[in-house]
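Student: Could you have a look at this structure, given as structure tokens, before my questions?
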Amino acid sequence: MSRSLLFALAVALFLCFFRLGAVTLFDVDEAVFAQATKEMVVSNNWITPTYDGENRYDKPILFYWLMAASYKIFGINEFAARFPSAISAFLLSLAVFLFAKRFGGEQRAFYATIPLVLSPYFLVYSHAAVTDMALTLLITLSLFSFYISVAAEDGRPSAESPLRKPDRCIYGFYAFSALAFLTKGLIGILFPFGIALIFVVMAGGFSGIKKVFHLKGLALFIVISAPWYIAEFAINGREFFDQFIIKHHFKRYMDVISGHSGPIYYYFPALIVGLMPWIFFLPGGIRKIFSRSGGRQAADKPSFISRSPLGLFALIWFSFIFVFFSISTTKLPNYILPSVPALSLLISSGMTGEDKWLRFENISLAAMMILAGVASLISLKYLHELGISGAGWVVAAALALFAMGSVGLSAFFTKKRFYGALSLFMLVFLTLLSVKATPLASDYLQKTLYQYSLYAKQRLHDDEKIITLGINNPSIVFYSGHRVVRTGNIRDLTPLLTQEKRLLIISTTEEIEMLQGLGFTLLEKDRKYALLERQ
């Protein structure tokens, strides 16, 4: 095993599992997946996920099964809930390295893997108990399988024939697409097949479409993905179709869901932050696809296809997902994650580009890192105003950002490449985020609800429920172990007041006076939430 592979995998392993279960689950998505899987394990209902006793149709079944298996091994806890994402991230880094090495050599593989691993996106979503990292792994393996299946025998498409007859790897394309379909629904079909179709048309004309469709591969896809969908539809029928297909696919794409909207340029800043500082090498990687170098090109064949079929493939992969979600009405930073492996391939090409382009990229990197460092220092004032103390680590993070800026400046003036130093400072920065920033965010966002949930767990009998007013935080269900009755206003709450049992309610602080007027006693409050009880 090469030193570069060992180093890349060691960094990936460290970032994936370091402090994986150190903080409580975040609302909303992490906690709701963890609770739904907890209910699946307890009830032994392996077909229809439920949350707080009600059917949950947001996502297909595979991620719940992965998390349930993790629960069986590690117990029901934060580490186990996040383990499927962590192991998916590690396998993703390994897959990117091996694929890039096959088609571009070991240096290209190293330059593709390090920007992937040493990025905020990788750190955040390898530690998130949500489907995105598992989906990214499956879509990546599907598309890697497809590209290998149509590549020439020597490991790369030739100038004369960019595409060849598919080999057995086409079954991997279909199998991993089926698993992606079981992870997040229709995009598990749309992304792999859409990207593959565009690539074969651009690289070989419309006659290449037949290379995407394979009868035995289609049969394999159906065998893997169809049983759960058939069973779910047989059990829940129209309700499943309306909720899963209509609401969580078409309405989510066409309408704003849960207030997650954004402008059409939403993913530009998301990628700059999520892939910093490496994103600044992307323009050079894209330029390399279209640039001409020595040698005569066939007059009837576009040079960028014959010269850089892998670059074209990565660009189509990234562009397809980027455009798809940019025009979507509902937007979240994690949606774009399946495009990140393609970006890492393009970035690796930019990191080995021409000196004049590298100088432009390095000065851009330096400017952004210095600005980010200044912004970090300015944020100290606002953190103090929010009541977040002990933020001295922000100074250390700013110094790491300034150091990366200095690396960029040095590379600009000396025309040398300092990727090792850049990687080291980025590793320091990400470690600071993991050790300091994440616990602070957890305390600020989740600590109060966690404490209230533990109080409810100790105080309430098994048959008693928690009432929430004006909030919907699944972490309460997960940590309290009790059913939660969610009320949005006083009208929803009034029928519950006739019960003779103890009533424990968690609300926003704005509702305290009204609840005290209804006979509730204030037990505790903070800046946002309040815990009240009525005997």
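A note on labels: chains of the structure tokens are A, B, ... as shown, every chain counts residues from 1, and ligands are counted from 1 in their shown order.
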When you look at Ile506 (chain A) with a cut-off of 12 Å (counting only C-alpha atoms), what residues show up, excluding the ones that are within fewer than 2 positions of it in the same chain? I need them as a count of residues only.
Tutor: 46
Student: If you count only C-alpha atoms, which residues fall within 12 Å of Leu383 (chain A), apart from same-chain ones fewer than 3 positions away, as a list in words?
Tutor: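 Returned residues: Ser376, Leu377, Ile378, Ser379, Leu380, Leu386, Gly387, Ile388, Ser389, Gly390, Ala391, Gly392, Trp393, Val394, Ala437, Leu440, Ala441 and Tyr444 of chain A.
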Student: Any chance you could tabulate, as JSON lines, the residues of region 356-443 of chain A at most 12 Å from region 3-22 of chain A with each one's nearest atom pair and distance in Å to one decimal, using only C-alpha atoms, in chain and rising number order?
Tutor:
{"residue": "A:Gly420", "atom": "CA", "partner": "A:Phe7", "partner_atom": "CA", "distance": 11.3}
{"residue": "A:Ser423", "atom": "CA", "partner": "A:Val11", "partner_atom": "CA", "distance": 10.1}
{"residue": "A:Leu424", "atom": "CA", "partner": "A:Val11", "partner_atom": "CA", "distance": 10.3}
{"residue": "A:Met426", "atom": "CA", "partner": "A:Val11", "partner_atom": "CA", "distance": 11.3}
{"residue": "A:Leu427", "atom": "CA", "partner": "A:Val11", "partner_atom": "CA", "distance": 8.4}
{"residue": "A:Val428", "atom": "CA", "partner": "A:Leu15", "partner_atom": "CA", "distance": 11.0}
{"residue": "A:Phe429", "atom": "CA", "partner": "A:Leu15", "partner_atom": "CA", "distance": 11.6}
{"residue": "A:Leu430", "atom": "CA", "partner": "A:Leu15", "partner_atom": "CA", "distance": 8.2}
{"residue": "A:Thr431", "atom": "CA", "partner": "A:Leu15", "partner_atom": "CA", "distance": 7.9}
{"residue": "A:Leu432", "atom": "CA", "partner": "A:Leu15", "partner_atom": "CA", "distance": 11.4}
{"residue": "A:Leu433", "atom": "CA", "partner": "A:Leu15", "partner_atom": "CA", "distance": 10.9}
{"residue": "A:Ser434", "atom": "CA", "partner": "A:Arg19", "partner_atom": "CA", "distance": 7.3}
{"residue": "A:Val435", "atom": "CA", "partner": "A:Arg19", "partner_atom": "CA", "distance": 7.7}
{"residue": "A:Lys436", "atom": "CA", "partner": "A:Arg19", "partner_atom": "CA", "distance": 11.0}
{"residue": "A:Thr438", "atom": "CA", "partner": "A:Ala22", "partner_atom": "CA", "distance": 9.2}
{"residue": "A:Pro439", "atom": "CA", "partner": "A:Ala22", "partner_atom": "CA", "distance": 7.9}
{"residue": "A:Leu440", "atom": "CA", "partner": "A:Ala22", "partner_atom": "CA", "distance": 11.6}
{"residue": "A:Ser442", "atom": "CA", "partner": "A:Ala22", "partner_atom": "CA", "distance": 9.9}
{"residue": "A:Asp443", "atom": "CA", "partner": "A:Ala22", "partner_atom": "CA", "distance": 11.7}
Student: Apply DSSP to the backbone of this structure and, from region 122-287 of chain A, keep only the residues in alpha helix (DSSP H); write these as an mmCIF file with C-alpha atoms, in the first residue's frame.
Tutor:
data_model
loop_
_atom_site.group_PDB
_atom_site.id
_atom_site.type_symbol
_atom_site.label_atom_id
_atom_site.label_comp_id
_atom_site.auth_asym_id
_atom_site.auth_seq_id
_atom_site.Cartn_x
_atom_site.Cartn_y
_atom_site.Cartn_z
ATOM 1 C CA PHE A 122 -16.683 16.019 4.676
ATOM 2 C CA LEU A 123 -16.353 16.790 8.380
ATOM 3 C CA VAL A 124 -19.964 17.872 8.828
ATOM 4 C CA TYR A 125 -21.724 15.129 6.887
ATOM 5 C CA SER A 126 -19.480 12.291 8.043
ATOM 6 C CA ASP A 132 -26.585 12.408 2.501
ATOM 7 C CA MET A 133 -23.173 10.798 2.939
ATOM 8 C CA ALA A 134 -24.525 7.292 2.324
ATOM 9 C CA LEU A 135 -26.345 8.568 -0.769
ATOM 10 C CA THR A 136 -23.179 10.279 -2.009
ATOM 11 C CA LEU A 137 -21.203 7.053 -1.623
ATOM 12 C CA LEU A 138 -23.787 5.013 -3.542
ATOM 13 C CA ILE A 139 -24.166 7.518 -6.398
ATOM 14 C CA THR A 140 -20.381 7.798 -6.621
ATOM 15 C CA LEU A 141 -19.909 4.012 -6.762
ATOM 16 C CA SER A 142 -22.659 3.789 -9.367
ATOM 17 C CA LEU A 143 -21.054 6.413 -11.609
ATOM 18 C CA PHE A 144 -17.537 5.062 -11.087
ATOM 19 C CA SER A 145 -18.832 1.627 -12.101
ATOM 20 C CA PHE A 146 -20.408 3.091 -15.206
ATOM 21 C CA TYR A 147 -17.278 4.946 -16.277
ATOM 22 C CA ILE A 148 -15.116 1.864 -15.750
ATOM 23 C CA SER A 149 -17.619 -0.243 -17.674
ATOM 24 C CA VAL A 150 -17.265 1.878 -20.818
ATOM 25 C CA ILE A 170 -22.241 -2.163 -15.623
ATOM 26 C CA TYR A 171 -23.858 -4.399 -12.996
ATOM 27 C CA GLY A 172 -22.274 -2.210 -10.319
ATOM 28 C CA PHE A 173 -23.844 0.806 -12.003
ATOM 29 C CA TYR A 174 -27.294 -0.748 -11.698
ATOM 30 C CA ALA A 175 -26.766 -2.279 -8.243
ATOM 31 C CA PHE A 176 -25.498 0.908 -6.604
ATOM 32 C CA SER A 177 -28.206 2.951 -8.346
ATOM 33 C CA ALA A 178 -30.788 0.594 -6.870
ATOM 34 C CA LEU A 179 -29.316 1.076 -3.400
ATOM 35 C CA ALA A 180 -29.332 4.857 -3.926
ATOM 36 C CA PHE A 181 -32.997 4.546 -4.933
ATOM 37 C CA LEU A 182 -33.591 2.763 -1.620
ATOM 38 C CA THR A 183 -31.751 5.536 0.219
ATOM 39 C CA LYS A 184 -33.323 8.735 -1.079
ATOM 40 C CA ILE A 187 -32.759 10.930 -7.424
ATOM 41 C CA GLY A 188 -31.075 7.554 -6.961
ATOM 42 C CA ILE A 189 -32.280 6.894 -10.517
ATOM 43 C CA LEU A 190 -32.216 10.404 -11.951
ATOM 44 C CA PHE A 191 -28.631 11.303 -11.077
ATOM 45 C CA PRO A 192 -26.763 8.170 -12.205
ATOM 46 C CA PHE A 193 -28.808 7.594 -15.366
ATOM 47 C CA GLY A 194 -29.116 11.275 -16.288
ATOM 48 C CA ILE A 195 -25.374 11.857 -15.937
ATOM 49 C CA ALA A 196 -24.494 8.647 -17.780
ATOM 50 C CA LEU A 197 -26.839 9.450 -20.671
ATOM 51 C CA ILE A 198 -25.505 12.973 -21.150
ATOM 52 C CA PHE A 199 -21.926 11.674 -21.071
ATOM 53 C CA VAL A 200 -22.407 8.957 -23.683
ATOM 54 C CA VAL A 201 -24.262 11.333 -25.999
ATOM 55 C CA MET A 202 -21.524 13.968 -25.745
ATOM 56 C CA ALA A 203 -18.689 11.450 -25.999
ATOM 57 C CA GLY A 204 -20.102 9.108 -28.641
ATOM 58 C CA LEU A 215 -31.355 -5.840 -19.713
ATOM 59 C CA LYS A 216 -29.651 -7.956 -17.062
ATOM 60 C CA GLY A 217 -28.599 -4.819 -15.211
ATOM 61 C CA LEU A 218 -32.188 -3.604 -15.204
ATOM 62 C CA ALA A 219 -33.301 -6.965 -13.821
ATOM 63 C CA LEU A 220 -30.699 -6.618 -11.061
ATOM 64 C CA PHE A 221 -31.953 -3.109 -10.277
ATOM 65 C CA ILE A 222 -35.517 -4.410 -9.906
ATOM 66 C CA VAL A 223 -34.492 -7.381 -7.764
ATOM 67 C CA ILE A 224 -32.653 -5.094 -5.328
ATOM 68 C CA SER A 225 -35.007 -2.113 -5.113
ATOM 69 C CA ALA A 226 -38.517 -3.328 -5.947
ATOM 70 C CA PRO A 227 -39.357 -5.629 -2.976
ATOM 71 C CA TRP A 228 -39.479 -2.860 -0.350
ATOM 72 C CA TYR A 229 -41.444 -0.478 -2.587
ATOM 73 C CA ILE A 230 -43.943 -3.219 -3.421
ATOM 74 C CA ALA A 231 -44.319 -4.177 0.236
ATOM 75 C CA GLU A 232 -44.698 -0.546 1.339
ATOM 76 C CA PHE A 233 -47.313 0.181 -1.291
ATOM 77 C CA ALA A 234 -49.183 -3.027 -0.429
ATOM 78 C CA ILE A 235 -49.289 -2.037 3.244
ATOM 79 C CA ASN A 236 -49.973 1.698 3.017
ATOM 80 C CA GLY A 237 -51.291 2.190 -0.517
ATOM 81 C CA ARG A 238 -52.387 5.681 -1.528
ATOM 82 C CA GLU A 239 -51.064 7.284 1.667
ATOM 83 C CA PHE A 240 -47.547 6.115 0.818
ATOM 84 C CA ARG A 252 -40.326 19.410 -2.272
ATOM 85 C CA TYR A 253 -38.799 20.286 -5.637
ATOM 86 C CA MET A 254 -41.489 22.728 -6.758
ATOM 87 C CA TYR A 267 -24.998 26.792 -4.040
ATOM 88 C CA PHE A 268 -22.136 29.072 -5.106
ATOM 89 C CA PRO A 269 -21.413 30.282 -1.539
ATOM 90 C CA ALA A 270 -22.336 26.841 -0.201
ATOM 91 C CA LEU A 271 -19.577 25.238 -2.266
ATOM 92 C CA ILE A 272 -17.057 27.974 -1.471
ATOM 93 C CA VAL A 273 -17.536 27.396 2.245
ATOM 94 C CA GLY A 274 -18.040 23.634 2.037
ATOM 95 C CA LEU A 282 -11.692 24.313 -9.662
ATOM 96 C CA PRO A 283 -11.473 26.911 -12.501
ATOM 97 C CA GLY A 284 -8.101 25.515 -13.592
ATOM 98 C CA GLY A 285 -9.492 21.986 -13.577
ATOM 99 C CA ILE A 286 -12.439 22.984 -15.744
ATOM 100 C CA ARG A 287 -10.224 24.986 -18.086
#
Student: Point out the residue among A:Ser349, A:Ile289, A:Gly262, A:Phe280 with the least atom-to-atom distance to Ala367 (chain A), counting only C-alpha atoms.
Tutor: A:Phe280
Student: Between A:Tyr382, A:His482, A:Leu518, A:Leu409, which is the closest to Leu496 (chain A) once you count only C-alpha atoms?
Tutor: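 So, comparing all the options, the nearest one is A:Leu518.
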Student: Using only C-alpha atoms, which of A:Phe99, A:Phe281, A:Phe478, A:Phe322 sits nearest Ile264 (chain A)?
Tutor: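 Distance minimum relative to Ile264 (chain A) lands on A:Phe322.
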Student: Excluding Gly53 (chain A) and any residue of its chain fewer than 5 positions from it, enumerate the residues within 12 Å of it, using only C-alpha atoms, and give them as an mmCIF file with N, CA and C atoms, in the first residue's frame.
Tutor:
data_model
loop_
_atom_site.group_PDB
_atom_site.id
_atom_site.type_symbol
_atom_site.label_atom_id
_atom_site.label_comp_id
_atom_site.auth_asym_id
_atom_site.auth_seq_id
_atom_site.Cartn_x
_atom_site.Cartn_y
_atom_site.Cartn_z
ATOM 1 N N VAL A 32 -34.684 13.055 14.188
ATOM 2 C CA VAL A 32 -35.847 12.337 13.683
ATOM 3 C C VAL A 32 -35.436 11.004 13.057
ATOM 4 N N GLN A 35 -34.624 8.690 16.070
ATOM 5 C CA GLN A 35 -35.815 8.244 16.770
ATOM 6 C C GLN A 35 -36.624 7.253 15.941
ATOM 7 N N ALA A 36 -36.759 7.530 14.648
ATOM 8 C CA ALA A 36 -37.512 6.609 13.783
ATOM 9 C C ALA A 36 -36.844 5.239 13.757
ATOM 10 N N THR A 37 -35.529 5.212 13.709
ATOM 11 C CA THR A 37 -34.824 3.925 13.720
ATOM 12 C C THR A 37 -34.954 3.247 15.077
ATOM 13 N N LYS A 38 -34.923 4.038 16.133
ATOM 14 C CA LYS A 38 -35.134 3.490 17.477
ATOM 15 C C LYS A 38 -36.490 2.799 17.561
ATOM 16 N N GLU A 39 -37.517 3.426 17.038
ATOM 17 C CA GLU A 39 -38.850 2.819 17.040
ATOM 18 C C GLU A 39 -38.888 1.565 16.174
ATOM 19 N N MET A 40 -38.137 1.565 15.083
ATOM 20 C CA MET A 40 -38.077 0.380 14.223
ATOM 21 C C MET A 40 -37.472 -0.812 14.961
ATOM 22 N N VAL A 42 -37.279 -1.226 18.250
ATOM 23 C CA VAL A 42 -38.138 -1.623 19.375
ATOM 24 C C VAL A 42 -39.373 -2.385 18.896
ATOM 25 N N SER A 43 -39.977 -1.932 17.801
ATOM 26 C CA SER A 43 -41.230 -2.525 17.322
ATOM 27 C C SER A 43 -41.020 -3.722 16.413
ATOM 28 N N ASN A 45 -40.714 -3.550 13.330
ATOM 29 C CA ASN A 45 -41.380 -3.249 12.062
ATOM 30 C C ASN A 45 -40.307 -2.756 11.090
ATOM 31 N N THR A 48 -42.127 -0.207 7.438
ATOM 32 C CA THR A 48 -42.596 1.180 7.487
ATOM 33 C C THR A 48 -41.981 1.915 8.673
ATOM 34 N N VAL A 477 -38.306 13.678 21.776
ATOM 35 C CA VAL A 477 -38.830 12.308 21.723
ATOM 36 C C VAL A 477 -37.702 11.307 21.958
ATOM 37 N N GLY A 481 -37.769 9.471 25.741
ATOM 38 C CA GLY A 481 -38.365 8.143 25.688
ATOM 39 C C GLY A 481 -39.874 8.156 25.812
ATOM 40 N N HIS A 482 -40.502 9.332 25.647
ATOM 41 C CA HIS A 482 -41.948 9.464 25.769
ATOM 42 C C HIS A 482 -42.555 9.996 24.483
ATOM 43 N N ARG A 483 -43.804 9.654 24.282
ATOM 44 C CA ARG A 483 -44.546 10.240 23.172
ATOM 45 C C ARG A 483 -44.713 11.733 23.424
ATOM 46 N N VAL A 484 -44.789 12.490 22.346
ATOM 47 C CA VAL A 484 -44.936 13.945 22.434
ATOM 48 C C VAL A 484 -46.212 14.357 21.712
ATOM 49 N N VAL A 485 -47.022 15.154 22.392
ATOM 50 C CA VAL A 485 -48.212 15.733 21.775
ATOM 51 C C VAL A 485 -47.847 17.148 21.337
#
Student: Tell me, in Å to one decimal, how far CA of Asp27 (chain A) is from CA of Leu454 (chain A).
Tutor: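 Going from CA of Asp27 (chain A) over to CA of Leu454 (chain A) covers 16.0 Å.
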Student: Mind giving me the straight-line distance from CA of Val41 (chain A) to CA of Phe241 (chain A) in Å, one decimal?
Tutor: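 Between CA of Val41 (chain A) and CA of Phe241 (chain A) the gap is 24.4 Å.
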Student: Tell me which of A:Asp355, A:Asp58, A:Glu385, A:Glu106 sits closest to Asp242 (chain A), counting only C-alpha atoms.
Tutor: A:Asp58
